[in-house]
>>> print(open('work.cif').read())   # mmCIF, C-alpha atoms
data_structure
#
loop_
_atom_site.group_PDB
_atom_site.id
_atom_site.type_symbol
_atom_site.label_atom_id
_atom_site.label_comp_id
_atom_site.auth_asym_id
_atom_site.auth_seq_id
_atom_site.Cartn_x
_atom_site.Cartn_y
_atom_site.Cartn_z
ATOM 1 C CA MET H 1 3.490 -3.415 -16.659
ATOM 2 C CA ASN H 2 3.856 0.244 -15.673
ATOM 3 C CA THR H 3 2.074 2.886 -17.725
ATOM 4 C CA VAL H 4 3.447 6.291 -18.730
ATOM 5 C CA LEU H 5 1.086 9.092 -19.742
ATOM 6 C CA ILE H 6 2.746 11.417 -22.281
ATOM 7 C CA VAL H 7 1.113 14.830 -22.571
ATOM 8 C CA ASP H 8 2.502 16.708 -25.583
ATOM 9 C CA ASP H 9 1.067 18.098 -28.823
ATOM 10 C CA ASP H 10 4.178 17.286 -30.891
ATOM 11 C CA PRO H 11 3.421 14.089 -32.861
ATOM 12 C CA THR H 12 7.091 13.469 -33.661
ATOM 13 C CA LEU H 13 8.007 13.560 -29.989
ATOM 14 C CA GLN H 14 5.017 11.365 -29.136
ATOM 15 C CA ILE H 15 6.193 8.671 -31.549
ATOM 16 C CA ALA H 16 9.830 8.852 -30.438
ATOM 17 C CA LEU H 17 8.984 8.651 -26.714
ATOM 18 C CA THR H 18 6.442 5.893 -27.251
ATOM 19 C CA ARG H 19 8.995 3.742 -29.071
ATOM 20 C CA ARG H 20 11.688 4.355 -26.457
ATOM 21 C CA LEU H 21 9.403 3.640 -23.517
ATOM 22 C CA GLN H 22 7.781 0.587 -25.065
ATOM 23 C CA ALA H 23 11.248 -0.817 -25.773
ATOM 24 C CA GLN H 24 11.859 -0.562 -22.021
ATOM 25 C CA GLY H 25 8.688 -2.497 -21.234
ATOM 26 C CA PHE H 26 6.331 0.413 -20.496
ATOM 27 C CA ALA H 27 2.787 0.836 -21.716
ATOM 28 C CA VAL H 28 2.177 4.318 -23.124
ATOM 29 C CA MET H 29 -0.874 6.587 -23.276
ATOM 30 C CA ILE H 30 -0.940 9.841 -25.262
ATOM 31 C CA ALA H 31 -2.755 13.139 -24.679
ATOM 32 C CA THR H 32 -2.226 16.342 -26.661
ATOM 33 C CA SER H 33 -3.419 18.848 -24.031
ATOM 34 C CA GLY H 34 -3.880 19.194 -20.315
ATOM 35 C CA GLN H 35 -7.649 18.909 -20.610
ATOM 36 C CA GLU H 36 -7.425 15.720 -22.662
ATOM 37 C CA ALA H 37 -4.894 14.331 -20.179
ATOM 38 C CA LEU H 38 -7.211 14.978 -17.232
ATOM 39 C CA GLN H 39 -10.098 13.234 -18.983
ATOM 40 C CA LEU H 40 -7.851 10.271 -19.792
ATOM 41 C CA TRP H 41 -6.484 10.162 -16.253
ATOM 42 C CA HIS H 42 -9.946 9.890 -14.722
ATOM 43 C CA THR H 43 -10.688 6.779 -16.771
ATOM 44 C CA THR H 44 -7.204 5.201 -16.921
ATOM 45 C CA PRO H 45 -4.705 6.406 -14.301
ATOM 46 C CA ALA H 46 -1.013 6.059 -15.183
ATOM 47 C CA ASP H 47 2.019 5.240 -13.052
ATOM 48 C CA VAL H 48 4.030 8.254 -14.305
ATOM 49 C CA VAL H 49 3.102 11.458 -16.121
ATOM 50 C CA VAL H 50 5.505 13.131 -18.562
ATOM 51 C CA SER H 51 4.121 16.487 -19.692
ATOM 52 C CA ASP H 52 5.055 19.434 -21.871
ATOM 53 C CA VAL H 53 4.290 22.946 -20.596
ATOM 54 C CA VAL H 54 3.272 24.870 -23.728
ATOM 55 C CA MET H 55 0.192 23.207 -25.225
ATOM 56 C CA PRO H 56 -3.111 24.387 -26.734
ATOM 57 C CA GLY H 57 -5.882 25.047 -24.259
ATOM 58 C CA MET H 58 -4.844 24.018 -20.763
ATOM 59 C CA ASN H 59 -1.054 24.278 -20.395
ATOM 60 C CA GLY H 60 1.136 21.862 -18.483
ATOM 61 C CA PHE H 61 1.356 23.966 -15.322
ATOM 62 C CA GLU H 62 -2.422 24.150 -14.974
ATOM 63 C CA PHE H 63 -2.736 20.459 -15.813
ATOM 64 C CA CYS H 64 -0.241 19.559 -13.081
ATOM 65 C CA HIS H 65 -2.058 21.770 -10.581
ATOM 66 C CA GLN H 66 -5.437 20.222 -11.372
ATOM 67 C CA LEU H 67 -4.053 16.694 -11.350
ATOM 68 C CA ARG H 68 -2.515 17.258 -7.920
ATOM 69 C CA SER H 69 -5.902 18.524 -6.696
ATOM 70 C CA SER H 70 -7.827 15.488 -7.951
ATOM 71 C CA PRO H 71 -8.422 12.204 -6.075
ATOM 72 C CA GLY H 72 -5.675 9.740 -6.907
ATOM 73 C CA GLY H 73 -3.514 12.350 -8.604
ATOM 74 C CA GLU H 74 -1.773 13.645 -5.489
ATOM 75 C CA MET H 75 1.025 11.085 -5.454
ATOM 76 C CA VAL H 76 1.589 10.071 -9.079
ATOM 77 C CA PRO H 77 5.159 10.885 -10.241
ATOM 78 C CA PHE H 78 5.069 13.919 -12.546
ATOM 79 C CA ILE H 79 7.909 14.983 -14.857
ATOM 80 C CA PHE H 80 7.874 18.136 -16.977
ATOM 81 C CA LEU H 81 9.576 17.887 -20.371
ATOM 82 C CA SER H 82 9.663 21.364 -21.887
ATOM 83 C CA SER H 83 11.611 23.786 -24.049
ATOM 84 C CA LEU H 84 11.018 26.426 -21.363
ATOM 85 C CA GLY H 85 14.347 26.099 -19.598
ATOM 86 C CA GLU H 86 14.629 29.341 -17.644
ATOM 87 C CA LEU H 87 15.087 29.057 -13.898
ATOM 88 C CA ASN H 88 11.733 30.687 -13.166
ATOM 89 C CA ASN H 89 9.995 28.140 -15.425
ATOM 90 C CA ARG H 90 11.641 25.227 -13.623
ATOM 91 C CA VAL H 91 10.813 26.738 -10.245
ATOM 92 C CA GLN H 92 7.194 27.255 -11.278
ATOM 93 C CA GLY H 93 7.004 23.658 -12.429
ATOM 94 C CA HIS H 94 8.155 22.372 -9.066
ATOM 95 C CA LEU H 95 5.805 24.750 -7.252
ATOM 96 C CA MET H 96 2.914 23.352 -9.286
ATOM 97 C CA GLY H 97 3.734 19.918 -7.884
ATOM 98 C CA ALA H 98 6.130 18.347 -10.386
ATOM 99 C CA ASP H 99 8.715 15.870 -9.123
ATOM 100 C CA ASP H 100 11.206 16.635 -11.889
ATOM 101 C CA TYR H 101 11.803 19.004 -14.822
ATOM 102 C CA LEU H 102 13.761 18.139 -17.974
ATOM 103 C CA VAL H 103 14.589 20.764 -20.603
ATOM 104 C CA LYS H 104 14.376 20.047 -24.346
ATOM 105 C CA PRO H 105 16.521 18.984 -26.122
ATOM 106 C CA PHE H 106 16.987 16.123 -23.711
ATOM 107 C CA SER H 107 18.625 12.720 -23.464
ATOM 108 C CA ALA H 108 16.172 9.855 -23.893
ATOM 109 C CA HIS H 109 18.381 7.758 -21.617
ATOM 110 C CA GLU H 110 18.089 10.383 -18.884
ATOM 111 C CA LEU H 111 14.314 10.610 -19.240
ATOM 112 C CA ILE H 112 13.918 6.836 -19.035
ATOM 113 C CA ALA H 113 16.192 6.764 -15.984
ATOM 114 C CA LYS H 114 14.065 9.445 -14.334
ATOM 115 C CA VAL H 115 10.854 7.557 -15.170
ATOM 116 C CA LYS H 116 12.238 4.349 -13.676
ATOM 117 C CA GLY H 117 13.548 6.214 -10.620
ATOM 118 C CA ALA H 118 10.196 7.925 -10.086
ATOM 119 C CA ILE H 119 8.350 4.597 -10.231
ATOM 120 C CA ALA H 120 10.801 3.014 -7.787
ATOM 121 C CA ARG H 121 10.363 5.903 -5.330
ATOM 122 C CA SER H 122 6.591 5.712 -5.676
ATOM 123 C CA GLN H 123 6.619 1.970 -4.984
ATOM 124 C CA ARG H 124 8.853 2.426 -1.920
ATOM 125 C CA LEU H 125 6.544 5.117 -0.589
ATOM 126 C CA ARG H 126 3.476 2.951 -1.185
ATOM 127 C CA SER H 127 5.131 0.017 0.589
ATOM 128 C CA ALA H 128 6.079 2.236 3.526
ATOM 129 C CA LEU H 129 2.511 3.517 3.828
ATOM 130 C CA VAL H 130 1.140 -0.036 3.735
ATOM 131 C CA ARG H 131 3.533 -1.058 6.506
ATOM 132 C CA MET H 132 2.482 1.933 8.593
ATOM 133 C CA VAL H 133 -1.192 1.055 8.190
ATOM 134 C CA GLU H 134 -0.522 -2.583 9.030
ATOM 135 C CA GLN H 135 1.420 -1.598 12.138
ATOM 136 C CA THR H 136 -1.346 0.776 13.185
ATOM 137 C CA THR H 137 -4.130 -1.763 12.771
ATOM 138 C CA ALA H 138 -2.225 -4.834 13.970
ATOM 139 C CA GLN H 139 -3.126 -6.182 17.388
ATOM 140 C CA PRO H 140 -0.196 -6.467 19.826
ATOM 141 C CA ALA H 141 0.799 -9.909 21.063
ATOM 142 C CA PRO H 142 -0.984 -11.246 24.166
ATOM 143 C CA LEU H 143 0.678 -10.241 27.406
ATOM 144 C CA PRO H 144 2.616 -13.101 29.029
ATOM 145 C CA PHE H 145 1.036 -12.634 32.447
ATOM 146 C CA THR H 146 -1.258 -14.431 34.831
ATOM 147 C CA PRO H 147 -4.646 -12.701 35.271
ATOM 148 C CA ALA H 148 -3.467 -11.154 38.550
ATOM 149 C CA GLU H 149 -0.216 -9.906 36.987
ATOM 150 C CA GLU H 150 -2.102 -8.392 34.062
ATOM 151 C CA ARG H 151 -4.355 -6.431 36.430
ATOM 152 C CA VAL H 152 -1.259 -5.094 38.204
ATOM 153 C CA PHE H 153 0.357 -4.327 34.834
ATOM 154 C CA TRP H 154 -2.515 -2.062 33.778
ATOM 155 C CA GLU H 155 -2.484 -0.316 37.152
ATOM 156 C CA VAL H 156 1.230 0.412 36.720
ATOM 157 C CA VAL H 157 0.650 1.712 33.190
ATOM 158 C CA GLN H 158 -1.879 4.187 34.615
ATOM 159 C CA GLY H 159 0.727 5.466 37.045
ATOM 160 C CA PHE H 160 -0.600 4.130 40.341
ATOM 161 C CA THR H 161 1.741 3.402 43.247
ATOM 162 C CA ASN H 162 2.000 -0.022 44.873
ATOM 163 C CA LYS H 163 -0.136 1.212 47.749
ATOM 164 C CA GLN H 164 -2.849 2.493 45.402
ATOM 165 C CA ILE H 165 -2.733 -0.720 43.379
ATOM 166 C CA GLY H 166 -3.177 -2.736 46.557
ATOM 167 C CA GLU H 167 -6.202 -0.663 47.517
ATOM 168 C CA HIS H 168 -7.745 -0.978 44.035
ATOM 169 C CA LEU H 169 -7.163 -4.734 43.735
ATOM 170 C CA PHE H 170 -7.480 -5.625 47.403
ATOM 171 C CA LEU H 171 -3.921 -6.935 47.579
ATOM 172 C CA SER H 172 -1.199 -6.508 50.177
ATOM 173 C CA PRO H 173 1.772 -4.278 49.193
ATOM 174 C CA ARG H 174 3.993 -7.360 49.340
ATOM 175 C CA THR H 175 1.778 -9.243 46.857
ATOM 176 C CA VAL H 176 1.721 -6.219 44.549
ATOM 177 C CA GLN H 177 5.530 -6.098 44.643
ATOM 178 C CA THR H 178 5.737 -9.823 43.914
ATOM 179 C CA HIS H 179 3.536 -9.387 40.826
ATOM 180 C CA LEU H 180 5.507 -6.306 39.742
ATOM 181 C CA SER H 181 8.806 -8.190 40.012
ATOM 182 C CA SER H 182 7.382 -11.024 37.932
ATOM 183 C CA ILE H 183 6.167 -8.553 35.294
ATOM 184 C CA LEU H 184 9.605 -6.914 35.046
ATOM 185 C CA THR H 185 11.271 -10.299 34.735
ATOM 186 C CA LYS H 186 8.929 -11.533 32.007
ATOM 187 C CA LEU H 187 9.309 -8.339 29.987
ATOM 188 C CA LYS H 188 13.063 -8.096 30.683
ATOM 189 C CA LEU H 189 12.635 -4.562 31.991
ATOM 190 C CA GLU H 190 14.154 -2.788 34.959
ATOM 191 C CA ASN H 191 11.607 -0.353 36.376
ATOM 192 C CA ARG H 192 8.041 0.972 36.288
ATOM 193 C CA SER H 193 8.842 3.736 33.787
ATOM 194 C CA GLN H 194 10.031 1.156 31.284
ATOM 195 C CA ILE H 195 6.764 -0.743 31.736
ATOM 196 C CA VAL H 196 4.782 2.374 30.785
ATOM 197 C CA ARG H 197 6.988 3.046 27.757
ATOM 198 C CA PHE H 198 6.771 -0.607 26.709
ATOM 199 C CA ALA H 199 2.962 -0.543 26.794
ATOM 200 C CA PHE H 200 2.614 2.477 24.537
ATOM 201 C CA GLU H 201 5.466 1.653 22.156
ATOM 202 C CA GLN H 202 4.032 -1.827 21.568
ATOM 203 C CA GLY H 203 0.525 -0.501 20.986
ATOM 204 C CA TYR H 204 -1.159 -1.828 24.129
ATOM 205 C CA ARG H 205 -4.200 0.154 25.201
ATOM 206 C CA ILE H 206 -5.725 0.258 28.664
ATOM 207 C CA PRO H 207 -8.908 -1.864 28.780
ATOM 208 C CA GLU H 208 -11.977 0.162 29.728
ATOM 209 C CA GLU H 209 -12.590 -1.972 32.787
ATOM 210 C CA SER H 210 -9.052 -1.118 34.013
ATOM 211 C CA GLU H 211 -9.515 2.659 33.764
ATOM 212 C CA LYS H 212 -10.227 4.431 37.034
#
>>> encode(input="work.cif", output="structure tokens")
Amino acid sequence: MNTVLIVDDDPTLQIALTRRLQAQGFAVMIATSGQEALQLWHTTPADVVVSDVVMPGMNGFEFCHQLRSSPGGEMVPFIFLSSLGELNNRVQGHLMGADDYLVKPFSAHELIAKVKGAIARSQRLRSALVRMVEQTTAQPAPLPFTPAEERVFWEVVQGFTNKQIGEHLFLSPRTVQTHLSSILTKLKLENRSQIVRFAFEQGYRIPEESEK
């Protein structure tokens, strides 16, 4: 169940939003000021924040700024819900780090749609980041070469010519070319440049013992 943190000092609005959101399957937390919201956030983070701007003590703009500066608060979807509807107010809200800005009076259907959309975007972003981390940390598949071909492969990746490879590995130029042809065939590539690109795109790294 996703949780929405409502930050507003209007008890009537608190009750109305709580009922609407709970009817849509959300859990709801309430804070009446920015300071109270920050304290609540540090103990029980929410999935979305819906905040007024004009409140006693810390206003919504300052609350948004501080939340965005705190660990874990950088990415949470943040929606302003305020009677301050002038363009400069909306611009300031976005500059503070808000993802959206609704002006009172507002449509409850629109707010709920924005809350659901913000959660969906947040989940997609989180999934994309997880995939990126997995791809970064994943080990590439073993190379489909014989030991001799693999040694030639790493020499090619480092940019050495057939003659240099032969000197390094004590092989004749003809043997080097035979291994290179086999490597190209197994990888379904056409030339040395594609071998180099293949190695780095697939995440292969030159073994220390292969570095010259």
>>> closest_residue(input="work.cif", among="H:Met1, H:Ala98, H:Ala31, H:Leu111", to="Asp47 (chain H)", atoms="all atoms listed in the file")
H:Met1
>>> resolve_selection(input="work.cif", expression="the PyMOL selection byres ((chain H and resi 59-65) around 10)", output="PyMOL selection string")
chain H and resi 7-8+33-38+49-58+66-70+73-74+78-82+89+92-98
>>> closest_residue(input="work.cif", among="H:Val157, H:Ala148, H:Ala108, H:Leu13", to="Gln194 (chain H)", atoms="all atoms listed in the file")
H:Val157
>>> atom_distance(input="work.cif", atom1="CA of Met29 (chain H)", atom2="CA of Ser127 (chain H)")
25.5 Å
>>> atom_distance(input="work.cif", atom1="CA of Asn162 (chain H)", atom2="CA of Pro140 (chain H)")
26.0 Å
>>> residues_near_point(input="work.cif", point="(-4.5, -8.5, 24.1)", cutoff="10 Å", atoms="only C-alpha atoms", output="PyMOL selection string")
chain H and resi 139-144+203-207
>>> atom_distance(input="work.cif", atom1="CA of Arg131 (chain H)", atom2="CA of Lys114 (chain H)")
25.6 Å
>>> closest_residue(input="work.cif", among="H:Val91, H:Val76, H:Ile30, H:Val196", to="Val115 (chain H)", atoms="only C-alpha atoms")
H:Val76
>>> residues_around(input="work.cif", residues="Ile183 (chain H)", least_positions_apart="4", cutoff="9 Å", atoms="only C-alpha atoms", output="ChimeraX atom specification")
/H:144-145,149-150,152-153,178-179,187-189,195
>>> resolve_selection(input="work.cif", expression="the PyMOL selection byres ((chain H and resi 15-19) around 10)", output="number ranges by chain")
H: 4-6, 10-14, 20-24, 26-30, 50, 108, 111-112
>>> build_atoms(input="work.cif", residues="region 138-169 of chain H", atoms="N, CA and C atoms", output="PDB file, keeping the file's coordinate frame")
ATOM      1  N   ALA H 138      -2.562  -3.523  13.416  1.00  0.00           N
ATOM      2  CA  ALA H 138      -2.225  -4.834  13.970  1.00  0.00           C
ATOM      3  C   ALA H 138      -2.441  -4.864  15.477  1.00  0.00           C
ATOM      4  N   GLN H 139      -2.925  -6.006  15.957  1.00  0.00           N
ATOM      5  CA  GLN H 139      -3.126  -6.182  17.388  1.00  0.00           C
ATOM      6  C   GLN H 139      -1.820  -6.637  18.027  1.00  0.00           C
ATOM      7  N   PRO H 140      -1.428  -6.033  19.160  1.00  0.00           N
ATOM      8  CA  PRO H 140      -0.196  -6.467  19.826  1.00  0.00           C
ATOM      9  C   PRO H 140      -0.344  -7.890  20.355  1.00  0.00           C
ATOM     10  N   ALA H 141       0.801  -8.530  20.572  1.00  0.00           N
ATOM     11  CA  ALA H 141       0.799  -9.909  21.063  1.00  0.00           C
ATOM     12  C   ALA H 141       0.192  -9.977  22.467  1.00  0.00           C
ATOM     13  N   PRO H 142      -0.421 -11.107  22.818  1.00  0.00           N
ATOM     14  CA  PRO H 142      -0.984 -11.246  24.166  1.00  0.00           C
ATOM     15  C   PRO H 142       0.095 -11.061  25.230  1.00  0.00           C
ATOM     16  N   LEU H 143      -0.272 -10.450  26.317  1.00  0.00           N
ATOM     17  CA  LEU H 143       0.678 -10.241  27.406  1.00  0.00           C
ATOM     18  C   LEU H 143       0.975 -11.569  28.107  1.00  0.00           C
ATOM     19  N   PRO H 144       2.225 -11.803  28.459  1.00  0.00           N
ATOM     20  CA  PRO H 144       2.616 -13.101  29.029  1.00  0.00           C
ATOM     21  C   PRO H 144       2.411 -13.179  30.545  1.00  0.00           C
ATOM     22  N   PHE H 145       1.262 -12.729  31.005  1.00  0.00           N
ATOM     23  CA  PHE H 145       1.036 -12.634  32.447  1.00  0.00           C
ATOM     24  C   PHE H 145      -0.101 -13.551  32.909  1.00  0.00           C
ATOM     25  N   THR H 146      -0.088 -13.815  34.205  1.00  0.00           N
ATOM     26  CA  THR H 146      -1.258 -14.431  34.831  1.00  0.00           C
ATOM     27  C   THR H 146      -2.341 -13.354  34.919  1.00  0.00           C
ATOM     28  N   PRO H 147      -3.591 -13.717  35.137  1.00  0.00           N
ATOM     29  CA  PRO H 147      -4.646 -12.701  35.271  1.00  0.00           C
ATOM     30  C   PRO H 147      -4.333 -11.668  36.347  1.00  0.00           C
ATOM     31  N   ALA H 148      -3.786 -12.101  37.470  1.00  0.00           N
ATOM     32  CA  ALA H 148      -3.467 -11.154  38.550  1.00  0.00           C
ATOM     33  C   ALA H 148      -2.346 -10.211  38.132  1.00  0.00           C
ATOM     34  N   GLU H 149      -1.330 -10.745  37.447  1.00  0.00           N
ATOM     35  CA  GLU H 149      -0.216  -9.906  36.987  1.00  0.00           C
ATOM     36  C   GLU H 149      -0.696  -8.890  35.951  1.00  0.00           C
ATOM     37  N   GLU H 150      -1.609  -9.312  35.092  1.00  0.00           N
ATOM     38  CA  GLU H 150      -2.102  -8.392  34.062  1.00  0.00           C
ATOM     39  C   GLU H 150      -2.867  -7.226  34.690  1.00  0.00           C
ATOM     40  N   ARG H 151      -3.644  -7.516  35.753  1.00  0.00           N
ATOM     41  CA  ARG H 151      -4.355  -6.431  36.430  1.00  0.00           C
ATOM     42  C   ARG H 151      -3.367  -5.457  37.045  1.00  0.00           C
ATOM     43  N   VAL H 152      -2.288  -5.958  37.630  1.00  0.00           N
ATOM     44  CA  VAL H 152      -1.259  -5.094  38.204  1.00  0.00           C
ATOM     45  C   VAL H 152      -0.552  -4.310  37.098  1.00  0.00           C
ATOM     46  N   PHE H 153      -0.302  -4.972  35.976  1.00  0.00           N
ATOM     47  CA  PHE H 153       0.357  -4.327  34.834  1.00  0.00           C
ATOM     48  C   PHE H 153      -0.405  -3.075  34.398  1.00  0.00           C
ATOM     49  N   TRP H 154      -1.728  -3.207  34.225  1.00  0.00           N
ATOM     50  CA  TRP H 154      -2.515  -2.062  33.778  1.00  0.00           C
ATOM     51  C   TRP H 154      -2.570  -0.967  34.835  1.00  0.00           C
ATOM     52  N   GLU H 155      -2.526  -1.321  36.087  1.00  0.00           N
ATOM     53  CA  GLU H 155      -2.484  -0.316  37.152  1.00  0.00           C
ATOM     54  C   GLU H 155      -1.175   0.469  37.079  1.00  0.00           C
ATOM     55  N   VAL H 156      -0.079  -0.248  36.840  1.00  0.00           N
ATOM     56  CA  VAL H 156       1.230   0.412  36.720  1.00  0.00           C
ATOM     57  C   VAL H 156       1.243   1.353  35.523  1.00  0.00           C
ATOM     58  N   VAL H 157       0.695   0.894  34.405  1.00  0.00           N
ATOM     59  CA  VAL H 157       0.650   1.712  33.190  1.00  0.00           C
ATOM     60  C   VAL H 157      -0.092   3.020  33.448  1.00  0.00           C
ATOM     61  N   GLN H 158      -1.112   2.975  34.304  1.00  0.00           N
ATOM     62  CA  GLN H 158      -1.879   4.187  34.615  1.00  0.00           C
ATOM     63  C   GLN H 158      -1.205   5.069  35.669  1.00  0.00           C
ATOM     64  N   GLY H 159      -0.057   4.619  36.162  1.00  0.00           N
ATOM     65  CA  GLY H 159       0.727   5.466  37.045  1.00  0.00           C
ATOM     66  C   GLY H 159       0.437   5.330  38.533  1.00  0.00           C
ATOM     67  N   PHE H 160      -0.275   4.294  38.925  1.00  0.00           N
ATOM     68  CA  PHE H 160      -0.600   4.130  40.341  1.00  0.00           C
ATOM     69  C   PHE H 160       0.578   3.542  41.109  1.00  0.00           C
ATOM     70  N   THR H 161       0.701   3.932  42.371  1.00  0.00           N
ATOM     71  CA  THR H 161       1.741   3.402  43.247  1.00  0.00           C
ATOM     72  C   THR H 161       1.347   2.008  43.732  1.00  0.00           C
ATOM     73  N   ASN H 162       2.314   1.313  44.334  1.00  0.00           N
ATOM     74  CA  ASN H 162       2.000  -0.022  44.873  1.00  0.00           C
ATOM     75  C   ASN H 162       0.880   0.041  45.898  1.00  0.00           C
ATOM     76  N   LYS H 163       0.901   1.077  46.730  1.00  0.00           N
ATOM     77  CA  LYS H 163      -0.136   1.212  47.749  1.00  0.00           C
ATOM     78  C   LYS H 163      -1.504   1.396  47.095  1.00  0.00           C
ATOM     79  N   GLN H 164      -1.583   2.263  46.086  1.00  0.00           N
ATOM     80  CA  GLN H 164      -2.849   2.493  45.402  1.00  0.00           C
ATOM     81  C   GLN H 164      -3.321   1.231  44.676  1.00  0.00           C
ATOM     82  N   ILE H 165      -2.375   0.517  44.072  1.00  0.00           N
ATOM     83  CA  ILE H 165      -2.733  -0.720  43.379  1.00  0.00           C
ATOM     84  C   ILE H 165      -3.313  -1.731  44.366  1.00  0.00           C
ATOM     85  N   GLY H 166      -2.678  -1.828  45.541  1.00  0.00           N
ATOM     86  CA  GLY H 166      -3.177  -2.736  46.557  1.00  0.00           C
ATOM     87  C   GLY H 166      -4.594  -2.400  46.973  1.00  0.00           C
ATOM     88  N   GLU H 167      -4.865  -1.087  47.127  1.00  0.00           N
ATOM     89  CA  GLU H 167      -6.202  -0.663  47.517  1.00  0.00           C
ATOM     90  C   GLU H 167      -7.217  -0.961  46.416  1.00  0.00           C
ATOM     91  N   HIS H 168      -6.823  -0.746  45.148  1.00  0.00           N
ATOM     92  CA  HIS H 168      -7.745  -0.978  44.035  1.00  0.00           C
ATOM     93  C   HIS H 168      -8.050  -2.461  43.855  1.00  0.00           C
ATOM     94  N   LEU H 169      -7.019  -3.302  44.024  1.00  0.00           N
ATOM     95  CA  LEU H 169      -7.163  -4.734  43.735  1.00  0.00           C
ATOM     96  C   LEU H 169      -7.308  -5.587  44.990  1.00  0.00           C
TER      97      LEU H 169
END
